[in-house]
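Raw data-v5.txt, compact mmCIF, C-alpha atoms:
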```
# COMPACT_ATOMS: atom_id res chain seq x y z
CA MET A 1 0.00 0.00 0.00
CA ASN A 2 2.86 2.35 0.82
CA THR A 3 4.36 1.98 -2.66
CA LEU A 4 0.97 2.63 -4.25
CA LEU A 5 0.62 5.82 -2.25
CA GLN A 6 4.19 6.82 -3.13
CA ARG A 7 3.48 6.20 -6.83
CA ALA A 8 0.35 8.33 -6.65
CA LEU A 9 2.29 11.12 -4.95
CA ASP A 10 5.08 10.90 -7.54
CA LEU A 11 2.53 11.13 -10.36
CA TRP A 12 0.86 14.08 -8.67
CA CYS A 13 4.20 15.88 -8.28
CA ALA A 14 5.05 15.24 -11.94
CA LEU A 15 1.66 16.60 -13.00
CA THR A 16 2.12 19.65 -10.78
CA ARG A 17 5.57 20.36 -12.26
CA ALA A 18 4.16 20.04 -15.80
CA LEU A 19 1.31 22.43 -14.99
CA ASP A 20 3.74 24.88 -13.39
CA ARG A 21 5.74 24.94 -16.62
CA LEU A 22 2.55 25.83 -18.49
CA GLN A 23 1.91 28.96 -16.40
CA PRO A 24 4.09 31.37 -18.45
CA PRO A 25 2.62 30.46 -21.86
CA ALA A 26 -0.90 30.37 -20.40
CA ALA A 27 -0.51 33.87 -18.95
CA LEU A 28 0.89 35.10 -22.26
CA ALA A 29 -2.01 33.52 -24.17
CA ALA A 30 -4.53 35.16 -21.82
CA ARG A 31 -2.78 38.54 -22.21
CA LEU A 32 -2.71 38.27 -26.01
CA TYR A 33 -6.35 37.18 -26.25
CA ILE A 34 -7.72 39.89 -23.97
CA ALA A 35 -5.52 42.59 -25.47
CA GLN A 36 -6.70 41.70 -28.97
CA VAL A 37 -10.36 41.96 -27.94
CA PHE A 38 -9.98 45.40 -26.42
CA PHE A 39 -7.44 46.74 -28.93
CA LEU A 40 -9.67 45.84 -31.89
CA SER A 41 -12.61 47.47 -30.13
CA GLY A 42 -10.56 50.64 -29.67
CA LEU A 43 -9.47 50.59 -33.33
CA THR A 44 -13.10 50.29 -34.41
CA LYS A 45 -13.93 53.39 -32.40
CA THR A 46 -11.10 55.41 -33.98
CA ARG A 47 -12.08 54.49 -37.55
CA ASP A 48 -15.28 56.51 -37.40
CA TRP A 49 -15.15 58.94 -34.51
CA GLU A 50 -18.47 60.59 -35.39
CA THR A 51 -20.26 57.25 -35.14
CA THR A 52 -18.42 56.53 -31.88
CA LEU A 53 -19.59 59.85 -30.43
CA ALA A 54 -23.14 59.12 -31.60
CA LEU A 55 -23.05 55.71 -29.93
CA PHE A 56 -21.78 57.18 -26.67
CA THR A 57 -24.49 59.85 -26.87
CA ASP A 58 -27.45 57.63 -27.80
CA GLU A 59 -26.63 54.01 -26.98
CA TYR A 60 -23.95 53.80 -24.29
CA HIS A 61 -24.97 55.60 -21.15
CA VAL A 62 -21.75 55.90 -19.18
CA PRO A 63 -22.58 57.16 -15.70
CA LEU A 64 -21.20 60.53 -14.55
CA LEU A 65 -19.26 61.37 -17.74
CA PRO A 66 -20.20 63.44 -20.76
CA PRO A 67 -20.41 61.22 -23.88
CA ALA A 68 -17.38 62.77 -25.64
CA LEU A 69 -15.18 62.32 -22.57
CA ALA A 70 -16.42 58.77 -22.01
CA ALA A 71 -15.68 57.92 -25.65
CA ALA A 72 -12.18 59.38 -25.47
CA MET A 73 -11.36 57.71 -22.14
CA GLY A 74 -12.77 54.35 -23.18
CA THR A 75 -10.96 54.34 -26.51
CA THR A 76 -7.68 55.47 -24.99
CA GLY A 77 -7.98 52.82 -22.30
CA GLU A 78 -8.75 50.06 -24.78
CA LEU A 79 -5.79 50.94 -26.97
CA GLY A 80 -3.16 51.94 -24.41
CA LEU A 81 -3.90 49.36 -21.74
CA SER A 82 -4.02 46.59 -24.36
CA VAL A 83 -0.49 47.43 -25.48
CA LEU A 84 0.74 47.41 -21.88
CA LEU A 85 -0.97 44.08 -21.30
CA VAL A 86 0.65 42.45 -24.35
CA LEU A 87 4.06 43.63 -23.21
CA GLY A 88 3.39 42.63 -19.65
CA LEU A 89 4.50 46.10 -18.62
CA GLY A 90 2.45 47.23 -15.66
CA GLY A 91 0.41 44.12 -16.37
CA ARG A 92 -1.63 44.21 -13.19
CA PHE A 93 -2.40 47.91 -13.71
CA ALA A 94 -3.41 47.20 -17.32
CA ALA A 95 -5.60 44.26 -16.28
CA LEU A 96 -7.33 46.34 -13.61
CA GLY A 97 -7.82 49.24 -16.04
CA LEU A 98 -9.32 46.97 -18.69
CA SER A 99 -11.53 45.47 -15.98
CA VAL A 100 -12.94 48.93 -15.37
CA VAL A 101 -13.52 49.38 -19.12
CA ASN A 102 -15.21 45.96 -19.22
CA VAL A 103 -17.52 46.71 -16.28
CA VAL A 104 -18.40 50.17 -17.60
CA ALA A 105 -19.22 48.65 -20.99
CA VAL A 106 -21.71 46.27 -19.38
CA ILE A 107 -23.21 48.93 -17.12
CA SER A 108 -23.51 51.52 -19.87
CA LEU A 109 -25.53 49.36 -22.25
CA SER A 110 -29.24 49.61 -21.62
CA GLU A 111 -29.76 46.12 -23.06
CA ILE A 112 -27.13 43.43 -23.47
CA ALA A 113 -27.66 40.05 -25.09
CA PRO A 114 -26.99 37.04 -22.85
CA ALA A 115 -24.19 35.82 -25.15
CA ALA A 116 -22.50 39.24 -25.04
CA LEU A 117 -22.82 39.30 -21.26
CA GLN A 118 -21.17 35.87 -21.08
CA GLN A 119 -18.27 37.21 -23.16
CA HIS A 120 -17.83 40.11 -20.76
CA VAL A 121 -17.92 37.71 -17.79
CA PHE A 122 -15.24 35.52 -19.44
CA TRP A 123 -13.08 38.56 -20.19
CA GLY A 124 -13.56 39.74 -16.62
CA ALA A 125 -12.44 36.36 -15.27
CA LEU A 126 -9.29 36.41 -17.41
CA LEU A 127 -8.55 39.99 -16.36
CA ALA A 128 -9.10 39.11 -12.71
CA GLY A 129 -6.65 36.22 -13.01
CA LEU A 130 -4.04 38.49 -14.60
CA ALA A 131 -4.59 41.16 -11.96
CA ILE A 132 -4.32 38.65 -9.10
CA TYR A 133 -1.48 36.45 -10.38
CA GLY A 134 0.37 38.98 -12.54
CA SER A 135 1.54 38.85 -16.13
CA GLY A 136 3.68 35.77 -15.67
CA SER A 137 7.38 35.25 -16.15
CA TRP A 138 7.21 35.95 -19.89
CA SER A 139 6.61 39.66 -19.36
CA LEU A 140 8.55 42.90 -19.14
CA ASP A 141 7.41 43.22 -15.54
CA ARG A 142 9.62 40.23 -14.66
CA PHE A 143 12.68 41.82 -16.23
CA ILE A 144 12.19 45.43 -15.16
CA ALA A 145 10.64 45.12 -11.71
CA PRO A 146 13.65 43.52 -9.98
CA ARG A 147 15.83 46.42 -11.12
CA LEU A 148 13.30 49.04 -10.04
CA LEU A 149 12.53 47.38 -6.74
CA LYS A 150 15.93 46.09 -5.63
CA HIS A 151 15.63 47.95 -2.35
CA GLN A 152 12.39 46.08 -1.57
CA SER A 153 12.97 42.40 -1.02
CA GLY A 154 10.07 40.05 -1.43
CA THR A 155 8.04 42.32 -3.70
CA ARG A 156 6.26 40.30 -6.34
CA LEU A 157 4.68 41.75 -9.48
```
structure tokens encoding of this file:
Amino acid sequence: MNTLLQRALDLWCALTRALDRLQPPAALAARLYIAQVFFLSGLTKTRDWETTLALFTDEYHVPLLPPALAAAMGTTGELGLSVLLVLGLGGRFAALGLSVVNVVAVISLSEIAPAALQQHVFWGALLAGLAIYGSGSWSLDRFIAPRLLKHQSGTRL
């Protein structure tokens, strides 16, 4: 029985090591996927700014902000934060910022189809994971942060 238990533990440890090795590419894949979604949305808004302003005036009801400001902030956030997320530079900041854009997008629509809502929930889950766990070891954060934070031991980005 002891050898069976030991074998099971050895298999579990091997599986855990394999999954640990998948963390960097999985984080990169999540960053690339989410960044593409928001970056393409931002590009769409810049292609026809008059239509974008009309949508923010008539369709998207962003609380507390004038439509033109909401359109500019949302578009800038989608484009700029997506680039940061791809690079993994300020990855947690970018993930949190895109989370705000995601939540505001859902709140600002008067009606949202169930499938669209599910997409936003999925994006939110990916962004939450990136904000909580960071951009992963395949990111600029991993290369730059140790140099910026050498005086603070134990800081993890």
Point-to-point distance in Å for CA of Leu43 in chain A and CA of Gln118 in chain A: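 Distance between the two atoms: 22.4 Å.
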Near Phe143 in chain A, within 12 Å and counting all atoms listed in the file, which residues show up once chain neighbours fewer than 3 positions away are dropped, as a ChimeraX atom specification? /A:87-90,135-140,146-150,156-157
Atoms to include: C-alpha atoms. Write the selected residues as a PDB file, in the frame of the given file.
```pdb
ATOM      1  CA  LEU A  87       4.060  43.630 -23.210  1.00  0.00           C
ATOM      2  CA  GLY A  88       3.390  42.630 -19.650  1.00  0.00           C
ATOM      3  CA  LEU A  89       4.500  46.100 -18.620  1.00  0.00           C
ATOM      4  CA  GLY A  90       2.450  47.230 -15.660  1.00  0.00           C
ATOM      5  CA  SER A 135       1.540  38.850 -16.130  1.00  0.00           C
ATOM      6  CA  GLY A 136       3.680  35.770 -15.670  1.00  0.00           C
ATOM      7  CA  SER A 137       7.380  35.250 -16.150  1.00  0.00           C
ATOM      8  CA  TRP A 138       7.210  35.950 -19.890  1.00  0.00           C
ATOM      9  CA  SER A 139       6.610  39.660 -19.360  1.00  0.00           C
ATOM     10  CA  LEU A 140       8.550  42.900 -19.140  1.00  0.00           C
ATOM     11  CA  PRO A 146      13.650  43.520  -9.980  1.00  0.00           C
ATOM     12  CA  ARG A 147      15.830  46.420 -11.120  1.00  0.00           C
ATOM     13  CA  LEU A 148      13.300  49.040 -10.040  1.00  0.00           C
ATOM     14  CA  LEU A 149      12.530  47.380  -6.740  1.00  0.00           C
ATOM     15  CA  LYS A 150      15.930  46.090  -5.630  1.00  0.00           C
ATOM     16  CA  ARG A 156       6.260  40.300  -6.340  1.00  0.00           C
ATOM     17  CA  LEU A 157       4.680  41.750  -9.480  1.00  0.00           C
TER      18      LEU A 157
END
```
Could you give me, as a PyMOL selection string, the residues within 10 Å of range 31-34 of chain A, counting only C-alpha atoms and dropping anything in the same chain fewer than 4 positions from it? chain A and resi 25-27+38-39+82-88+91+94-95+98+122-124+126-127+130+135-136+139
Give the answer as one residue: which of A:Thr76, A:Tyr60, A:Ile132, A:Leu11 has the shortest atom-to-atom distance to Ile112 in chain A, using all atoms listed in the file? A:Tyr60
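As for CA of Arg92 in chain A and CA of Ile144 in chain A, they are spaced 14.0 Å apart.
For the pair CA of Thr51 in chain A and CA of Ala68 in chain A, the separation is 11.4 Å.
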Choose the residue, out of A:Asp58, A:Ala30, A:Leu65, A:Ala72, that has the smallest atom-to-atom separation from Ala125 in chain A; count only C-alpha atoms.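 Result for the nearest residue to Ala125 in chain A: A:Ala30.
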Contacts of Leu53 in chain A within 12 Å, only C-alpha atoms, excl. fewer than 6 positions in-chain, as a PyMOL selection string: chain A and resi 45-47+59-61+66-75
Out of A:Ala128, A:Leu79, A:Ala29, A:Val62, which residue has the shortest atom-to-atom distance to Ser110 in chain A when counting all atoms listed in the file? A:Val62
Nearest to Phe56 in chain A: which of A:Leu15, A:Ala115, A:Ser108, A:Pro24 is it, counting all atoms listed in the file?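 Ranked by minimum distance to Phe56 in chain A, first place goes to A:Ser108.
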